[in-house]
>>> print(open('upload_4.txt').read())   # compact mmCIF, C-alpha atoms and all ligand atoms
# COMPACT_ATOMS: atom_id res chain seq x y z
CA TYR A 833 89.21 116.98 86.43
CA GLY A 834 89.54 120.64 85.66
CA GLY A 835 88.99 123.41 88.15
CA ILE A 836 85.88 125.41 87.42
CA GLY A 837 86.13 129.14 87.69
CA PRO A 838 83.68 131.59 89.18
CA ALA A 839 82.51 132.47 85.68
CA ALA A 840 80.70 129.11 85.58
CA GLY A 841 78.31 130.39 88.22
CA ARG A 842 74.92 131.77 87.36
CA GLY A 843 73.76 134.21 89.98
CA PRO A 844 70.57 133.83 91.99
CA GLU A 845 67.36 135.08 90.44
CA THR A 846 65.29 137.46 92.49
CA GLU A 847 61.53 137.15 92.18
CA GLY A 848 58.48 138.77 93.65
CA GLY A 849 56.62 136.44 96.00
CA GLY A 850 53.95 137.32 98.55
CA GLY A 851 54.77 140.96 97.97
CA ARG A 852 58.36 140.53 99.18
CA PRO A 853 61.42 139.72 97.09
CA LEU A 854 62.37 136.07 97.26
CA THR A 855 65.83 134.85 96.32
CA THR A 856 65.41 131.65 94.35
CA ILE A 857 68.09 129.42 92.91
CA HIS A 858 66.88 126.87 90.42
CA VAL A 859 68.59 123.47 90.38
CA ALA A 860 68.18 121.56 87.11
CA ALA A 861 69.10 118.08 88.37
CA SER A 862 67.29 114.80 87.54
CA ARG A 863 64.44 116.42 89.44
CA ALA A 864 64.34 120.19 89.01
CA TYR A 865 63.62 122.28 92.09
CA ASP A 866 64.11 125.65 93.70
CA VAL A 867 66.17 126.68 96.68
CA ALA A 868 64.35 129.65 98.21
CA ILE A 869 66.29 131.85 100.63
CA GLU A 870 64.74 134.54 102.77
CA GLN A 871 64.51 135.76 106.33
CA GLY A 872 61.20 134.57 107.82
CA LEU A 873 60.46 132.06 105.05
CA LEU A 874 59.48 129.23 107.42
CA SER A 875 56.04 130.79 107.85
CA ARG A 876 55.48 130.31 104.10
CA LEU A 877 56.32 126.57 104.11
CA GLY A 878 52.65 125.52 103.87
CA PRO A 879 51.61 127.65 100.88
CA MET A 880 54.84 126.85 99.04
CA ALA A 881 54.37 123.12 99.64
CA ALA A 882 50.70 123.26 98.61
CA GLU A 883 51.64 124.96 95.35
CA LEU A 884 54.07 122.16 94.46
CA LEU A 885 52.27 119.03 95.62
CA SER A 886 48.83 117.56 95.30
CA GLY A 887 48.91 115.41 98.47
CA ARG A 888 47.54 116.88 101.66
CA ARG A 889 49.35 114.90 104.34
CA ALA A 890 52.78 115.85 105.60
CA ALA A 891 55.21 114.15 107.98
CA VAL A 892 57.68 116.51 109.62
CA ILE A 893 60.91 114.67 110.47
CA SER A 894 63.11 116.53 112.95
CA ASP A 895 65.38 116.13 115.96
CA ASP A 896 64.71 116.89 119.62
CA ALA A 897 66.83 120.07 119.62
CA VAL A 898 65.23 121.65 116.55
CA PHE A 899 61.60 120.54 116.79
CA PRO A 900 60.86 122.31 120.10
CA LEU A 901 62.19 125.55 118.57
CA TYR A 902 60.61 125.53 115.11
CA GLY A 903 58.25 122.53 114.88
CA ALA A 904 55.11 124.45 115.86
CA LEU A 905 55.70 127.20 113.31
CA ALA A 906 56.34 124.67 110.54
CA GLU A 907 53.28 122.60 111.44
CA ARG A 908 50.99 125.60 111.74
CA SER A 909 52.05 126.86 108.32
CA LEU A 910 51.39 123.44 106.79
CA GLN A 911 48.03 123.09 108.56
CA ASP A 912 46.90 126.55 107.49
CA ALA A 913 47.61 125.51 103.90
CA GLY A 914 45.36 122.47 104.28
CA PHE A 915 47.84 119.73 105.25
CA GLN A 916 47.14 117.13 107.87
CA VAL A 917 50.45 116.97 109.76
CA GLU A 918 52.25 114.32 111.85
CA HIS A 919 55.77 114.47 113.24
CA PHE A 920 58.58 112.00 113.82
CA VAL A 921 61.20 113.41 116.20
CA PHE A 922 64.40 111.58 117.13
CA PRO A 923 67.28 112.45 119.49
CA HIS A 924 69.79 114.89 117.98
CA GLY A 925 73.33 113.94 117.00
CA GLU A 926 75.25 112.06 114.33
CA GLN A 927 74.98 108.80 116.35
CA GLN A 928 71.25 108.78 115.58
CA LYS A 929 71.80 108.86 111.81
CA ASN A 930 71.64 105.09 111.77
CA LEU A 931 69.64 102.15 110.43
CA ASN A 932 67.62 101.91 113.63
CA THR A 933 66.28 105.49 113.46
CA TYR A 934 65.77 105.06 109.71
CA GLY A 935 63.70 101.92 110.33
CA GLN A 936 61.65 103.72 112.96
CA ALA A 937 60.95 106.55 110.54
CA LEU A 938 59.78 104.11 107.84
CA ASN A 939 57.55 102.27 110.30
CA PHE A 940 56.15 105.59 111.53
CA LEU A 941 55.03 106.42 107.98
CA CYS A 942 53.67 102.93 107.47
CA ASP A 943 51.74 102.86 110.75
CA ARG A 944 50.08 106.15 109.85
CA ARG A 945 49.31 104.93 106.34
CA PHE A 946 51.27 107.54 104.47
CA THR A 947 51.05 107.06 100.72
CA ARG A 948 53.28 107.93 97.80
CA SER A 949 51.40 111.15 97.16
CA ASP A 950 52.13 112.49 100.66
CA LEU A 951 55.00 114.71 101.72
CA ILE A 952 57.99 114.52 104.03
CA VAL A 953 59.47 117.69 105.49
CA ALA A 954 63.05 117.48 106.79
CA LEU A 955 63.31 120.13 109.52
CA GLY A 956 66.84 120.21 110.90
CA GLY A 957 70.54 120.13 110.13
CA GLY A 958 72.40 117.70 107.90
CA VAL A 959 71.68 114.74 110.13
CA VAL A 960 67.93 115.21 109.81
CA GLY A 961 68.21 116.12 106.12
CA ASP A 962 70.24 113.03 105.22
CA LEU A 963 68.06 110.65 107.22
CA ALA A 964 64.71 112.15 106.19
CA GLY A 965 65.90 112.28 102.57
CA PHE A 966 66.84 108.60 102.60
CA THR A 967 63.52 107.79 104.24
CA ALA A 968 61.70 109.77 101.52
CA ALA A 969 63.74 108.09 98.79
CA THR A 970 62.90 104.59 99.94
CA TYR A 971 59.45 104.73 101.56
CA GLN A 972 57.19 103.05 99.02
CA ARG A 973 59.97 103.57 96.47
CA GLY A 974 59.97 107.32 96.86
CA VAL A 975 57.81 110.16 98.18
CA ALA A 976 58.35 113.89 97.73
CA TYR A 977 60.33 115.75 100.37
CA ILE A 978 61.16 119.32 101.24
CA GLN A 979 64.40 120.30 102.91
CA VAL A 980 64.11 122.94 105.61
CA PRO A 981 67.76 123.24 106.71
CA THR A 982 68.34 124.79 110.14
CA THR A 983 72.16 124.86 110.39
CA LEU A 984 74.53 126.99 108.34
CA LEU A 985 76.20 123.80 107.06
CA SER A 986 72.92 122.34 105.87
CA MET A 987 71.86 125.63 104.22
CA VAL A 988 75.08 126.03 102.24
CA ASP A 989 75.85 122.38 101.63
CA SER A 990 73.90 119.29 102.62
CA SER A 991 70.32 120.33 101.76
CA VAL A 992 71.20 120.91 98.10
CA GLY A 993 72.23 118.14 95.73
CA GLY A 994 70.19 115.13 96.77
CA LYS A 995 72.76 113.03 98.61
CA THR A 996 70.87 111.09 101.27
CA ALA A 997 72.28 108.54 103.70
CA VAL A 998 72.57 106.93 107.08
CA ASP A 999 75.75 105.69 108.75
CA LEU A 1000 76.70 102.02 109.22
CA ASP A 1001 78.99 100.67 111.95
CA SER A 1002 81.75 100.65 109.35
CA GLY A 1003 81.54 104.36 108.62
CA LYS A 1004 79.61 107.47 107.71
CA ASN A 1005 77.05 107.61 104.89
CA GLN A 1006 77.62 103.98 103.93
CA ALA A 1007 73.95 103.36 103.05
CA GLY A 1008 72.18 105.94 100.93
CA CYS A 1009 71.21 107.15 97.50
CA PHE A 1010 70.85 110.18 95.30
CA TYR A 1011 67.33 111.55 95.64
CA GLN A 1012 66.60 115.20 94.99
CA PRO A 1013 64.14 117.19 97.11
CA SER A 1014 61.14 119.01 95.60
CA LEU A 1015 62.03 122.27 97.35
CA VAL A 1016 64.69 123.63 99.68
CA LEU A 1017 63.44 126.36 101.99
CA CYS A 1018 66.23 128.35 103.68
CA ASP A 1019 65.22 130.73 106.44
CA PRO A 1020 68.34 132.39 107.89
CA ALA A 1021 66.26 133.57 110.88
CA LEU A 1022 66.47 129.98 112.17
CA LEU A 1023 70.24 130.39 112.59
CA ALA A 1024 69.74 132.78 115.52
CA SER A 1025 69.57 129.81 117.91
CA LEU A 1026 72.49 127.89 116.39
CA PRO A 1027 75.28 127.08 118.91
CA GLU A 1028 78.48 129.04 118.28
CA ALA A 1029 80.55 125.94 117.48
CA GLU A 1030 78.04 124.85 114.83
CA TYR A 1031 78.14 128.34 113.32
CA ARG A 1032 81.93 128.16 113.07
CA ALA A 1033 81.76 124.69 111.54
CA GLY A 1034 79.37 126.00 108.88
CA CYS A 1035 81.73 128.89 108.19
CA ALA A 1036 84.48 126.36 107.39
CA GLU A 1037 82.34 124.97 104.54
CA VAL A 1038 81.57 128.50 103.35
CA ILE A 1039 85.31 129.30 103.28
CA LYS A 1040 85.87 126.01 101.43
CA THR A 1041 83.37 127.06 98.76
CA ALA A 1042 85.13 130.42 98.36
CA VAL A 1043 88.59 128.84 98.04
CA LEU A 1044 87.22 126.38 95.48
CA PHE A 1045 85.26 128.71 93.26
CA SER A 1046 85.12 132.35 94.14
CA PRO A 1047 87.63 135.11 94.93
CA GLU A 1048 84.59 137.43 95.18
CA LEU A 1049 83.02 135.37 97.96
CA PHE A 1050 86.40 135.08 99.68
CA GLN A 1051 86.69 138.86 99.66
CA LYS A 1052 83.16 139.20 101.08
CA LEU A 1053 84.05 136.86 103.95
CA THR A 1054 87.08 138.97 104.89
CA GLU A 1055 85.06 142.20 104.82
CA ALA A 1056 82.29 141.20 107.21
CA PRO A 1057 81.43 138.08 109.20
CA VAL A 1058 79.09 135.55 107.63
CA ARG A 1059 76.46 136.22 110.31
CA GLU A 1060 76.10 139.81 109.10
CA GLN A 1061 75.34 138.68 105.55
CA PHE A 1062 73.64 135.28 105.83
CA GLU A 1063 71.25 135.65 102.88
CA SER A 1064 73.80 136.69 100.29
CA VAL A 1065 76.47 134.25 101.52
CA ILE A 1066 74.03 131.33 101.50
CA ALA A 1067 72.80 132.33 98.03
CA ALA A 1068 76.38 132.50 96.73
CA CYS A 1069 77.28 129.07 98.15
CA VAL A 1070 74.07 127.43 96.93
CA GLY A 1071 74.62 128.90 93.46
CA MET A 1072 78.08 127.35 93.28
CA LYS A 1073 76.97 124.01 94.66
CA ARG A 1074 74.11 124.04 92.13
CA ASP A 1075 76.61 124.43 89.29
CA VAL A 1076 78.61 121.45 90.51
CA VAL A 1077 75.51 119.29 91.04
CA GLU A 1078 74.13 120.15 87.60
CA ASN A 1079 77.42 119.12 86.01
CA ASP A 1080 77.99 115.97 88.04
CA GLU A 1081 74.88 115.00 90.00
CA PHE A 1082 76.03 111.43 90.64
CA ASP A 1083 79.55 112.28 91.86
CA ARG A 1084 81.60 110.69 89.09
CA GLY A 1085 83.92 113.63 88.49
CA GLN A 1086 83.74 117.29 89.33
CA ARG A 1087 81.58 116.89 92.44
CA ALA A 1088 84.67 115.42 94.12
CA LEU A 1089 86.05 118.96 94.28
CA LEU A 1090 83.65 119.63 97.15
CA ASN A 1091 85.93 117.40 99.23
CA LEU A 1092 88.57 120.13 99.51
CA GLY A 1093 90.10 119.75 102.97
CA HIS A 1094 88.03 116.63 103.60
CA THR A 1095 90.58 113.82 103.18
CA ILE A 1096 92.88 115.10 105.91
CA GLY A 1097 89.86 116.58 107.70
CA HIS A 1098 88.13 113.20 107.99
CA ALA A 1099 91.36 111.65 109.21
CA VAL A 1100 91.66 114.31 111.93
CA GLU A 1101 88.02 113.78 112.92
CA ALA A 1102 88.58 110.03 113.13
CA CYS A 1103 91.79 110.41 115.16
CA SER A 1104 89.93 112.63 117.64
CA ASN A 1105 87.21 110.00 118.02
CA PHE A 1106 84.91 112.61 116.52
CA THR A 1107 85.39 115.11 119.35
CA ILE A 1108 86.71 117.50 116.68
CA LEU A 1109 83.75 118.84 114.67
CA HIS A 1110 83.56 118.12 110.94
CA GLY A 1111 83.97 121.81 110.11
CA GLU A 1112 87.05 122.07 112.31
CA GLY A 1113 88.49 119.01 110.58
CA VAL A 1114 87.80 120.60 107.19
CA ALA A 1115 89.54 123.82 108.32
CA ILE A 1116 92.61 121.87 109.44
CA GLY A 1117 92.50 119.82 106.23
CA MET A 1118 92.31 122.93 104.03
CA ALA A 1119 95.26 124.50 105.80
CA ALA A 1120 97.33 121.31 105.51
CA ILE A 1121 96.55 120.62 101.85
CA THR A 1122 97.25 124.25 100.93
CA ARG A 1123 100.64 123.99 102.66
CA ALA A 1124 101.36 120.76 100.78
CA ALA A 1125 100.26 122.21 97.44
CA VAL A 1126 102.54 125.22 97.91
CA GLU A 1127 105.41 122.96 98.94
CA LYS A 1128 104.86 120.81 95.81
CA GLY A 1129 104.86 123.87 93.56
CA ILE A 1130 101.22 123.34 92.53
CA CYS A 1131 99.76 126.29 94.39
CA ASN A 1132 100.40 130.00 94.25
CA PRO A 1133 102.30 130.68 97.54
CA ALA A 1134 100.22 133.81 98.15
CA LEU A 1135 97.20 131.62 98.90
CA LEU A 1136 98.59 130.03 102.07
CA PRO A 1137 98.66 133.13 104.29
CA GLN A 1138 95.23 134.11 102.95
CA VAL A 1139 93.74 130.74 103.87
CA LEU A 1140 95.37 130.62 107.31
CA ASP A 1141 94.30 134.17 107.98
CA ILE A 1142 90.64 133.71 107.15
CA LEU A 1143 90.39 130.43 109.08
CA GLN A 1144 91.88 132.12 112.14
CA LYS A 1145 89.56 135.08 111.70
CA TYR A 1146 86.62 132.69 111.98
CA GLY A 1147 88.07 131.01 115.06
CA LEU A 1148 88.89 127.80 113.19
CA PRO A 1149 91.96 125.60 113.83
CA THR A 1150 94.73 125.24 111.23
CA GLU A 1151 97.22 122.77 112.77
CA VAL A 1152 97.02 118.97 112.69
CA PRO A 1153 97.10 117.82 116.33
CA TYR A 1154 98.04 114.16 115.58
CA PRO A 1155 101.20 112.40 114.39
CA LEU A 1156 101.72 111.49 110.76
CA ALA A 1157 101.37 107.73 111.27
CA ASP A 1158 97.90 108.12 112.82
CA ILE A 1159 96.69 110.52 110.14
CA GLN A 1160 98.00 108.27 107.38
CA LYS A 1161 96.27 105.22 108.80
CA ALA A 1162 92.98 107.08 109.13
CA ALA A 1163 93.29 108.59 105.63
CA GLU A 1164 93.84 105.14 104.14
CA ALA A 1165 90.60 103.93 105.68
CA ASP A 1166 88.69 106.78 104.04
CA LYS A 1167 86.12 105.58 101.53
CA LYS A 1168 87.04 108.27 99.01
CA ARG A 1169 90.28 106.49 98.13
CA SER A 1170 89.77 104.60 94.88
CA GLY A 1171 91.91 101.50 94.76
CA SER A 1172 95.45 102.36 95.79
CA VAL A 1173 95.11 106.02 94.95
CA THR A 1174 94.16 108.84 97.36
CA ASN A 1175 92.37 111.69 95.63
CA PHE A 1176 93.47 114.94 97.25
CA VAL A 1177 91.66 118.09 96.20
CA VAL A 1178 94.43 120.67 95.90
CA PRO A 1179 94.23 124.42 95.45
CA GLU A 1180 96.17 126.00 92.58
CA ALA A 1181 95.07 129.56 93.28
CA LEU A 1182 92.17 131.30 94.94
CA GLY A 1183 89.01 130.07 93.21
CA GLN A 1184 90.77 127.26 91.38
CA CYS A 1185 91.34 123.72 92.61
CA ARG A 1186 91.91 120.32 91.04
CA VAL A 1187 91.76 116.69 92.00
CA GLU A 1188 95.22 115.16 92.39
CA PRO A 1189 95.35 111.36 92.42
CA VAL A 1190 98.23 110.45 94.75
CA PRO A 1191 99.58 106.86 94.69
CA ALA A 1192 99.71 105.08 98.06
CA GLY A 1193 103.51 105.33 98.24
CA GLU A 1194 103.39 109.13 97.99
CA VAL A 1195 100.69 109.90 100.54
CA ALA A 1196 103.12 110.19 103.47
CA GLY A 1197 105.20 112.68 101.47
CA TRP A 1198 102.10 114.80 100.86
CA LEU A 1199 101.14 114.73 104.52
CA LYS A 1200 104.69 115.76 105.50
CA ALA A 1201 104.58 118.57 102.97
CA GLY A 1202 101.33 119.59 104.68
CA GLY A 1203 103.22 120.13 107.91
CA ILE A 1204 102.18 116.87 109.60
CA ARG A 1205 105.04 115.28 111.53
P1 LIG B 1301 73.42 118.35 112.75
O1 LIG B 1301 72.26 118.09 111.91
O2 LIG B 1301 73.81 117.31 113.72
O3 LIG B 1301 73.17 119.71 113.57
C1 LIG B 1301 74.12 120.11 114.52
C2 LIG B 1301 73.47 120.34 115.89
O4 LIG B 1301 72.76 121.56 115.89
C3 LIG B 1301 72.45 119.27 116.28
O5 LIG B 1301 72.59 118.99 117.64
C4 LIG B 1301 71.13 119.94 116.00
O6 LIG B 1301 70.10 119.43 116.82
C5 LIG B 1301 71.42 121.38 116.32
N1 LIG B 1301 70.65 122.35 115.58
C6 LIG B 1301 70.32 122.31 114.28
N2 LIG B 1301 69.73 123.44 113.91
C7 LIG B 1301 69.64 124.22 115.01
C8 LIG B 1301 69.11 125.51 115.24
N3 LIG B 1301 68.61 126.25 114.25
N4 LIG B 1301 69.17 126.00 116.50
C9 LIG B 1301 69.74 125.26 117.50
N5 LIG B 1301 70.27 124.05 117.32
C10 LIG B 1301 70.22 123.53 116.09
O7 LIG B 1301 74.72 118.70 111.92
P2 LIG B 1301 75.02 119.49 110.56
O8 LIG B 1301 76.36 120.06 110.74
O9 LIG B 1301 73.89 120.35 110.15
O10 LIG B 1301 75.09 118.31 109.49
C11 LIG B 1301 76.07 117.30 109.57
C12 LIG B 1301 75.59 116.11 108.77
O11 LIG B 1301 75.41 116.50 107.42
C13 LIG B 1301 76.55 114.93 108.76
O12 LIG B 1301 75.83 113.76 109.04
C14 LIG B 1301 77.07 114.90 107.34
O13 LIG B 1301 77.39 113.60 106.91
C15 LIG B 1301 75.93 115.48 106.58
N6 LIG B 1301 76.30 116.10 105.31
C16 LIG B 1301 75.60 115.74 104.20
C17 LIG B 1301 75.88 116.32 102.98
C18 LIG B 1301 75.06 115.97 101.78
O14 LIG B 1301 75.41 116.37 100.67
N7 LIG B 1301 73.96 115.27 101.95
C19 LIG B 1301 76.90 117.27 102.88
C20 LIG B 1301 77.59 117.63 104.02
C21 LIG B 1301 77.28 117.04 105.24
MG MG B 1302 81.76 118.61 104.59
>>> encode(input="upload_4.txt", output="C-alpha cells", more="lines below")
Ligand code: NAD
Ligand code: MG
Amino acid sequence: YGGIGPAAGRGPETEGGGGRPLTTIHVAASRAYDVAIEQGLLSRLGPMAAELLSGRRAAVISDDAVFPLYGALAERSLQDAGFQVEHFVFPHGEQQKNLNTYGQALNFLCDRRFTRSDLIVALGGGVVGDLAGFTAATYQRGVAYIQVPTTLLSMVDSSVGGKTAVDLDSGKNQAGCFYQPSLVLCDPALLASLPEAEYRAGCAEVIKTAVLFSPELFQKLTEAPVREQFESVIAACVGMKRDVVENDEFDRGQRALLNLGHTIGHAVEACSNFTILHGEGVAIGMAAITRAAVEKGICNPALLPQVLDILQKYGLPTEVPYPLADIQKAAEADKKRSGSVTNFVVPEALGQCRVEPVPAGEVAGWLKAGGIR
C-alpha cells in the first residue's frame, strides 16, 4: 500500500445545466455515474432521473426524520417529470439498518409490482443509503438507484462508492455488496436541518479526508468552517473518494486507507455501547493513531498538534475515554483485522498515509504509544 498524494486527484468539472452551473464529478467505476453537487438541486431530481432512466416508476426509500422534511419536494419533482411515485419510510437510526427493515423494503417493492426497469431513490443519510442500496442491488437481481444524501457524512462519504449493507446481530455491515448508484444528487441546502452533533460527525470524516490526501483541503478547513463552504468542501471530498474508488472499487488495497482513525474509533464506539457517535470515534481514533505514529517515528511530529488543533476547532474529542484492555479487546473483534494482523492506517505527513499491518503481539504497544492507558 502506498499513500496517494493530492496530485492523484482530478478536480470537479463544472458544467452548464438548467442555466445554472452544476458541479459534477464523474465516477468511472464498474458502473459509471455522476455526483452532482449544488444548492437547491433536489428540485431537479425528477428531470435528472428521467434523463438517465427509461422506467417511469420510482420508490423513494427514506426514514421518518428525513421524509417529512424533504419527501414532498422529492416526490413532486419526480411526478412532474412523469414518474409514478411510492414511498417506503422506516424509523430513523442505525438499529433499523437490519434484515427486518430490508425484508420489508423488498416486500414493499414486490407488493407494488416494481420491475427491474423501475427506480429506487435513497433519500436520507448513510443508514438509508446503505439499506436502500442493498435493496436495489438485490431486488430482482438489481434495479437502478439514485442516492440523495441528506447528511454531511453521506454527502462526503457513504453515497459515493457503491458499498451497500445492513447490519447483523454480530456486527455492522455484515451483509451487503458492492453496487454502484446511477446518480448521486447532493443538495447542500438539505443540511440546514441537520442536528449539530451530526454536522460535527460529518466534519470528522471531512478532516479525515484532508489528513489522508490533501494539505490544500486541510488549509481550507482551518480558514473557515465547513458550513460556510459546503459545496466546495463536498466536491473536494467526493473527488478524492472517487479517485480511491476508481483505483480499488472492491476494497482489496488502497480503499483501506479510508479507514484512517477507524480501527481505534470503532473500538471506542463499541466500548461506549454506541453512545459515542461514529464521527466522534473517528476523531478520537485519528488523534490516537497520529500520536502513535509520531511516537514510532513514522510520522512527522509537526502533524500531531495540527490534527489535535483542527479536531478541537470542530468541537470533536481527541482523548480515548476507556482503558487499554477494553480498547484492545474491542479492536480485536473488529472485522477489518485479517488473520492475526491488525491493519492500522497511519499518517506519515499531512496528505500522506499508509496501511501498517501490526501483528497481534504488537497491538497493545501501538495503543500505548497512542496515549491509551
Ligand atoms: P444516519 O443516516 O443515521 O443519519 C443521522 C441522523 O440524522 C438520522 O437520525 C437521520 O434521520 C437524521 N437526518 C438525516 N438527514 C437529515 C437532515 N437533512 N435533517 C435532519 N435530520 C437528518 O447517519 P449517517 O451518519 O448519515 O450515516 C451513518 C451510516 O452510514 C452508518 O450505518 C454507516 O455504516 C454508513 N456508512 C456507509 C459508508 C459506505 O461507504 N456505504 C461509509 C460510511 C458510513
Ligand atoms: Mg466512517
>>> closest_residue(input="upload_4.txt", among="A:Gln1012, A:Ser1046, A:Thr1150, A:Asn1091", to="ligand MG 1302 (chain B)", atoms="all atoms listed in the file")
A:Asn1091
>>> residues_near_ligand(input="upload_4.txt", ligand="ligand MG 1302 (chain B)", cutoff="10 Å", atoms="all atoms listed in the file", output="PyMOL selection string")
chain A and resi 958+985-986+989-990+1033-1034+1036-1038+1040+1090-1094+1097-1098+1110-1114
>>> atom_distance(input="upload_4.txt", atom1="CA of Leu877 (chain A)", atom2="CA of Phe1082 (chain A)")
28.3 Å
>>> residues_around(input="upload_4.txt", residues="Val1177 (chain A)", least_positions_apart="5", cutoff="7 Å", atoms="all atoms listed in the file", output="ChimeraX atom specification")
/A:1089,1091-1092,1185-1188
>>> residues_near_ligand(input="upload_4.txt", ligand="ligand LIG 1301 (chain B)", cutoff="7 Å", atoms="all atoms listed in the file", output="VMD selection string")
chain A and resid 895 to 898 924 to 926 929 956 to 960 962 982 to 986 989 to 996 1004 to 1005 1022 to 1027 1030 1034
>>> closest_residue(input="upload_4.txt", among="A:Leu931, A:Ala1029, A:Ile869, A:Ala1099", to="Leu1015 (chain A)", atoms="all atoms listed in the file")
A:Ile869
>>> closest_residue(input="upload_4.txt", among="A:Ile893, A:Ile1039, A:Arg888, A:Gln927", to="Leu910 (chain A)", atoms="only C-alpha atoms")
A:Arg888
>>> atom_distance(input="upload_4.txt", atom1="CA of Val1126 (chain A)", atom2="CA of Gly1203 (chain A)")
11.2 Å
>>> closest_residue(input="upload_4.txt", among="A:Ala1124, A:Ala1088, A:Ala890, A:Ala1162", to="Gly1197 (chain A)", atoms="only C-alpha atoms")
A:Ala1124
>>> atom_distance(input="upload_4.txt", atom1="CA of Gln1006 (chain A)", atom2="CA of Leu1148 (chain A)")
27.9 Å
>>> axis_aligned_box(input="upload_4.txt", around="region 887-891 of chain A", padding_each_side="5 Å", output="JSON")
{"center_x": 51.4, "center_y": 115.5, "center_z": 103.2, "size_x": 17.7, "size_y": 12.7, "size_z": 19.5}
>>> closest_residue(input="upload_4.txt", among="A:Val1058, A:Ala1119, A:Ala904, A:Met880", to="Val1043 (chain A)", atoms="all atoms listed in the file")
A:Ala1119
>>> build_atoms(input="upload_4.txt", residues="region 886-900 of chain A", atoms="N, CA, C and O atoms", output="mmCIF file, in the coordinates of the input")
data_model
loop_
_atom_site.group_PDB
_atom_site.id
_atom_site.type_symbol
_atom_site.label_atom_id
_atom_site.label_comp_id
_atom_site.auth_asym_id
_atom_site.auth_seq_id
_atom_site.Cartn_x
_atom_site.Cartn_y
_atom_site.Cartn_z
ATOM 1 N N SER A 886 50.277 117.756 95.259
ATOM 2 C CA SER A 886 48.830 117.560 95.300
ATOM 3 C C SER A 886 48.389 116.898 96.604
ATOM 4 O O SER A 886 47.270 117.112 97.055
ATOM 5 N N GLY A 887 49.275 116.107 97.224
ATOM 6 C CA GLY A 887 48.910 115.410 98.470
ATOM 7 C C GLY A 887 48.616 116.398 99.578
ATOM 8 O O GLY A 887 49.047 117.545 99.534
ATOM 9 N N ARG A 888 47.878 115.974 100.567
ATOM 10 C CA ARG A 888 47.540 116.880 101.660
ATOM 11 C C ARG A 888 47.869 116.296 103.030
ATOM 12 O O ARG A 888 47.296 116.662 104.038
ATOM 13 N N ARG A 889 48.839 115.355 103.051
ATOM 14 C CA ARG A 889 49.350 114.900 104.340
ATOM 15 C C ARG A 889 50.851 115.125 104.350
ATOM 16 O O ARG A 889 51.533 114.894 103.353
ATOM 17 N N ALA A 890 51.357 115.573 105.497
ATOM 18 C CA ALA A 890 52.780 115.850 105.600
ATOM 19 C C ALA A 890 53.328 115.248 106.889
ATOM 20 O O ALA A 890 52.686 115.333 107.938
ATOM 21 N N ALA A 891 54.498 114.627 106.793
ATOM 22 C CA ALA A 891 55.210 114.150 107.980
ATOM 23 C C ALA A 891 56.447 115.018 108.167
ATOM 24 O O ALA A 891 57.303 115.088 107.293
ATOM 25 N N VAL A 892 56.505 115.706 109.305
ATOM 26 C CA VAL A 892 57.680 116.510 109.620
ATOM 27 C C VAL A 892 58.663 115.595 110.352
ATOM 28 O O VAL A 892 58.325 115.016 111.385
ATOM 29 N N ILE A 893 59.861 115.440 109.798
ATOM 30 C CA ILE A 893 60.910 114.670 110.470
ATOM 31 C C ILE A 893 61.923 115.665 111.011
ATOM 32 O O ILE A 893 62.381 116.561 110.289
ATOM 33 N N SER A 894 62.246 115.531 112.317
ATOM 34 C CA SER A 894 63.110 116.530 112.950
ATOM 35 C C SER A 894 63.846 115.881 114.127
ATOM 36 O O SER A 894 63.631 114.705 114.429
ATOM 37 N N ASP A 895 64.735 116.663 114.754
ATOM 38 C CA ASP A 895 65.380 116.130 115.960
ATOM 39 C C ASP A 895 64.921 116.893 117.202
ATOM 40 O O ASP A 895 64.243 117.913 117.103
ATOM 41 N N ASP A 896 65.295 116.373 118.373
ATOM 42 C CA ASP A 896 64.710 116.890 119.620
ATOM 43 C C ASP A 896 65.328 118.216 120.070
ATOM 44 O O ASP A 896 64.922 118.773 121.088
ATOM 45 N N ALA A 897 66.324 118.723 119.324
ATOM 46 C CA ALA A 897 66.830 120.070 119.620
ATOM 47 C C ALA A 897 66.133 121.096 118.727
ATOM 48 O O ALA A 897 65.883 122.228 119.141
ATOM 49 N N VAL A 898 65.806 120.714 117.514
ATOM 50 C CA VAL A 898 65.230 121.650 116.550
ATOM 51 C C VAL A 898 63.710 121.718 116.664
ATOM 52 O O VAL A 898 63.117 122.805 116.630
ATOM 53 N N PHE A 899 63.079 120.559 116.826
ATOM 54 C CA PHE A 899 61.600 120.540 116.790
ATOM 55 C C PHE A 899 60.969 121.442 117.850
ATOM 56 O O PHE A 899 60.031 122.173 117.546
ATOM 57 N N PRO A 900 61.468 121.428 119.104
ATOM 58 C CA PRO A 900 60.860 122.310 120.100
ATOM 59 C C PRO A 900 60.986 123.804 119.740
ATOM 60 O O PRO A 900 60.172 124.613 120.168
#
